[in-house]
Amino acid sequence: METYTPGYSEVAAAFMARRRLDPNGAFFLPHLKLGISVLDCGCGPGTITRDIARQVFPGTVTGLDFSVDQVALATREAKARGIANAEFRQGSVYELPFPDNSFDAVFSHALLEHLKEPVRAAIEFKRVLKPRGMLGVCTPDWGGFLLAPPSEKLLLAFEAYKQLQNRNGGDVYCGHKLGLYVEQAGFENIAMRSRYENYDPLTVIGDFLAMNHDEIGDAKNAATWREWGRSPKGMFSQAWVACTASKPR
């Protein structure tokens, strides 16, 4: 079993809640048609899920997350905003709690890079998709990040975080492998693309990465991220890779 490196603290939940369908899932917008049913795997606090619900209404979206607390938070927030066509379930992407051929589309953002067995998850995505249903997955690839200003301390902290996520069962270089994963799972019509995300203010990403080092007692690298995050000349440009594919007839 993997360990989800960002964790489920209030800081982590607030960081994830910044994400929205546009820009984070904009690559999948052409496939979100009115009236379809969508599964959002690894939905976290549900901000992207709610946007999908608005996009496909009167269709439905089901958000799934391994964390019971995240499911409860996402449910509360959707209810508070009067979004009736979204529901949230707890479960594992390795054993999705849905029958075969249940959804018109499956979406997953920032999940596969934390999994030991991404192909196994992709096979489950295909199982619950209807024939010709669309898959959209997106993950960062740490091989393409741009950080400034350069320093030996920052490079060491950067490498330490990558090692932490990989030790936890993930793969920080997952992004450019997505096409291979979905092909192995039996998908077709595979298309990949990339984009960069810049964090402003830098403290958003600096404090988030520092928190992850704090949780394993790595005070040195945590301090480096916090100090760097307050640099007036800093930049954190994150490479994201998106992949779309369809289930065969």
# chains A, B, ... in the order shown; residues from 1 in each chain; ligands from 1
$ residues_around --residues "A:Tyr161" --least-positions-apart "4" --cutoff "9 Å" --atoms "only C-alpha atoms" --output "ChimeraX atom specification"
/A:156-157,165-166,209,212-213,221
$ write_last_selection --atoms "N, CA and C atoms" --output "CSV table (one decimal), in the first residue's frame"
chain,number,residue,atom,x,y,z
A,156,LEU,N,19.2,20.3,-3.2
A,156,LEU,CA,19.1,19.2,-2.3
A,156,LEU,C,17.7,19.0,-1.7
A,157,ALA,N,17.0,20.1,-1.5
A,157,ALA,CA,15.6,20.0,-1.0
A,157,ALA,C,14.7,19.4,-2.1
A,165,GLN,N,8.7,11.1,-2.0
A,165,GLN,CA,7.5,10.6,-2.7
A,165,GLN,C,7.7,9.2,-3.3
A,166,ASN,N,8.9,9.0,-3.9
A,166,ASN,CA,9.2,7.7,-4.5
A,166,ASN,C,9.3,6.6,-3.4
A,209,LEU,N,5.5,22.2,0.5
A,209,LEU,CA,6.6,21.2,0.5
A,209,LEU,C,7.3,21.1,1.8
A,212,ASN,N,5.5,18.8,4.2
A,212,ASN,CA,5.8,17.3,4.0
A,212,ASN,C,7.1,16.9,4.6
A,213,HIS,N,8.1,17.8,4.5
A,213,HIS,CA,9.4,17.4,5.2
A,213,HIS,C,9.2,17.5,6.7
A,221,ASN,N,15.5,20.5,5.3
A,221,ASN,CA,14.9,20.8,4.0
A,221,ASN,C,13.6,21.6,4.1
$ select_by_dssp --residues "stretch 8-102 of chain A" --states "helix (DSSP H, G or I)" --output "PyMOL selection string"
chain A and resi 10-16+21-24+26-31+47-56+68-80
$ closest_atom_pairs --of "stretch 66-140 of chain A" --to "stretch 191-207 of chain A" --cutoff "12 Å" --atoms "only C-alpha atoms" --output "CSV"
residue,atom,partner,partner_atom,distance
A:Met134,CA,A:Ala191,CA,11.5
A:Leu135,CA,A:Ala191,CA,10.5
A:Gly136,CA,A:Ala191,CA,9.7
A:Val137,CA,A:Met192,CA,9.6
A:Cys138,CA,A:Ser194,CA,9.1
A:Thr139,CA,A:Ser194,CA,9.6
A:Pro140,CA,A:Ser194,CA,9.1
$ residues_around --residues "A:Phe66" --least-positions-apart "5" --cutoff "7 Å" --atoms "only C-alpha atoms" --output "MDAnalysis selection string"
chainID A and resid 90:92
$ write_last_selection --atoms "N, CA and C atoms" --output "compact mmCIF listing (two decimals), in the first residue's frame"
# COMPACT_ATOMS: atom_id res chain seq x y z
N GLN A 90 -16.22 6.90 -0.73
CA GLN A 90 -14.90 6.46 -0.31
C GLN A 90 -14.58 5.15 -1.02
N GLY A 91 -13.32 5.00 -1.46
CA GLY A 91 -12.95 3.76 -2.11
C GLY A 91 -11.54 3.81 -2.67
N SER A 92 -11.10 2.68 -3.15
CA SER A 92 -9.77 2.53 -3.74
C SER A 92 -9.87 2.46 -5.25
$ select_by_dssp --residues "stretch 6-148 of chain A" --states "strand (DSSP E)" --output "PyMOL selection string"
chain A and resi 37-41+60-65+86-90+103-109+129-140+146-148
$ residues_around --residues "stretch 4-20 of chain A" --least-positions-apart "6" --cutoff "10 Å" --atoms "only C-alpha atoms" --output "PDB file with C-alpha atoms, in the first residue's frame"
ATOM      1  CA  ALA A  26      -9.002  22.185 -19.017  1.00  0.00           C
ATOM      2  CA  CYS A  43     -11.214  13.941  -5.850  1.00  0.00           C
ATOM      3  CA  GLY A  44      -9.799  15.286  -2.567  1.00  0.00           C
ATOM      4  CA  PRO A  45     -11.843  18.249  -1.281  1.00  0.00           C
ATOM      5  CA  GLY A  46     -13.959  18.169  -4.440  1.00  0.00           C
ATOM      6  CA  THR A  47     -13.253  21.557  -6.024  1.00  0.00           C
ATOM      7  CA  ILE A  48     -12.643  20.094  -9.482  1.00  0.00           C
ATOM      8  CA  THR A  49     -15.535  17.669  -8.994  1.00  0.00           C
ATOM      9  CA  ARG A  50     -17.920  20.561  -8.366  1.00  0.00           C
ATOM     10  CA  ASP A  51     -16.748  22.271 -11.531  1.00  0.00           C
ATOM     11  CA  ILE A  52     -17.344  19.068 -13.483  1.00  0.00           C
ATOM     12  CA  PHE A  66      -9.476   6.968  -0.349  1.00  0.00           C
ATOM     13  CA  SER A  67      -9.813   9.362   2.616  1.00  0.00           C
ATOM     14  CA  ASP A  69     -12.375  12.820   5.797  1.00  0.00           C
ATOM     15  CA  GLN A  70     -11.906  14.170   2.262  1.00  0.00           C
ATOM     16  CA  LEU A  73     -15.443  17.573   3.366  1.00  0.00           C
ATOM     17  CA  ALA A  74     -16.299  17.365  -0.332  1.00  0.00           C
ATOM     18  CA  HIS A 109      -5.984  14.630 -11.529  1.00  0.00           C
ATOM     19  CA  ALA A 110      -2.739  14.333  -9.524  1.00  0.00           C
ATOM     20  CA  LEU A 111      -3.310  10.751  -8.404  1.00  0.00           C
ATOM     21  CA  GLU A 113       1.993   9.714  -9.520  1.00  0.00           C
ATOM     22  CA  HIS A 114       1.282   8.481  -5.977  1.00  0.00           C
ATOM     23  CA  LEU A 115       0.458   4.879  -6.965  1.00  0.00           C
ATOM     24  CA  TYR A 161      11.228  15.648  -1.827  1.00  0.00           C
ATOM     25  CA  LEU A 164      10.334  11.022  -0.265  1.00  0.00           C
ATOM     26  CA  GLN A 165       7.483  10.577  -2.732  1.00  0.00           C
ATOM     27  CA  ASN A 166       9.210   7.673  -4.455  1.00  0.00           C
ATOM     28  CA  ARG A 167       9.878   5.945  -1.108  1.00  0.00           C
ATOM     29  CA  ASN A 168       6.171   6.309  -0.354  1.00  0.00           C
ATOM     30  CA  GLY A 169       5.364   4.228  -3.414  1.00  0.00           C
ATOM     31  CA  GLY A 170       4.869   6.918  -6.034  1.00  0.00           C
ATOM     32  CA  VAL A 204       1.931  28.530  -1.425  1.00  0.00           C
ATOM     33  CA  ILE A 205       4.214  25.818  -2.776  1.00  0.00           C
ATOM     34  CA  ASP A 207       5.136  26.074   2.712  1.00  0.00           C
ATOM     35  CA  PHE A 208       3.325  23.046   1.283  1.00  0.00           C
ATOM     36  CA  LEU A 209       6.563  21.201   0.457  1.00  0.00           C
ATOM     37  CA  MET A 211       5.087  20.709   5.597  1.00  0.00           C
ATOM     38  CA  ASN A 212       5.782  17.350   3.962  1.00  0.00           C
ATOM     39  CA  HIS A 213       9.373  17.440   5.195  1.00  0.00           C
ATOM     40  CA  GLU A 215       6.049  15.385   8.899  1.00  0.00           C
TER      41      GLU A 215
END
$ closest_residue --among "A:Ala185, A:Ala223, A:Ala122, A:Val68" --to "A:Leu96" --atoms "only C-alpha atoms"
A:Ala122
$ atom_distance --atom1 "atom CA of A:Val71" --atom2 "atom CA of A:Arg89"
6.3 Å
$ closest_residue --among "A:Thr244, A:Tyr173, A:Val93, A:Ala86" --to "A:Asn189" --atoms "only C-alpha atoms"
A:Thr244
$ atom_distance --atom1 "atom CA of A:Pro97" --atom2 "atom CA of A:Pro131"
18.4 Å
$ closest_residue --among "A:Asp218, A:Gln163, A:Thr75, A:Thr3" --to "A:Lys116" --atoms "only C-alpha atoms"
A:Thr3
$ residues_around --residues "stretch 39-42 of chain A" --least-positions-apart "3" --cutoff "6 Å" --atoms "only C-alpha atoms" --output "PyMOL selection string"
chain A and resi 61-65+106-108+111
$ write_last_selection --atoms "C-alpha atoms" --output "compact mmCIF listing (two decimals), in the first residue's frame"
# COMPACT_ATOMS: atom_id res chain seq x y z
CA VAL A 61 -20.46 13.30 -11.31
CA THR A 62 -19.22 10.95 -8.61
CA GLY A 63 -16.09 11.91 -6.71
CA LEU A 64 -14.08 9.08 -5.19
CA ASP A 65 -11.29 9.39 -2.63
CA VAL A 106 -13.46 8.98 -16.00
CA PHE A 107 -11.21 11.82 -14.84
CA SER A 108 -8.25 11.73 -12.47
CA LEU A 111 -3.31 10.75 -8.40
$ closest_residue --among "A:Ala53, A:Ala222, A:Ala105, A:Leu34" --to "A:Ala84" --atoms "only C-alpha atoms"
A:Ala53
$ closest_residue --among "A:Pro30, A:Phe145, A:Val241, A:Trp228" --to "A:Glu159" --atoms "only C-alpha atoms"
A:Phe145
$ closest_residue --among "A:Val56, A:Asp104, A:Arg81, A:Gln184" --to "A:Val119" --atoms "only C-alpha atoms"
A:Gln184
$ atom_distance --atom1 "atom CA of A:Pro58" --atom2 "atom CA of A:Ser246"
22.7 Å
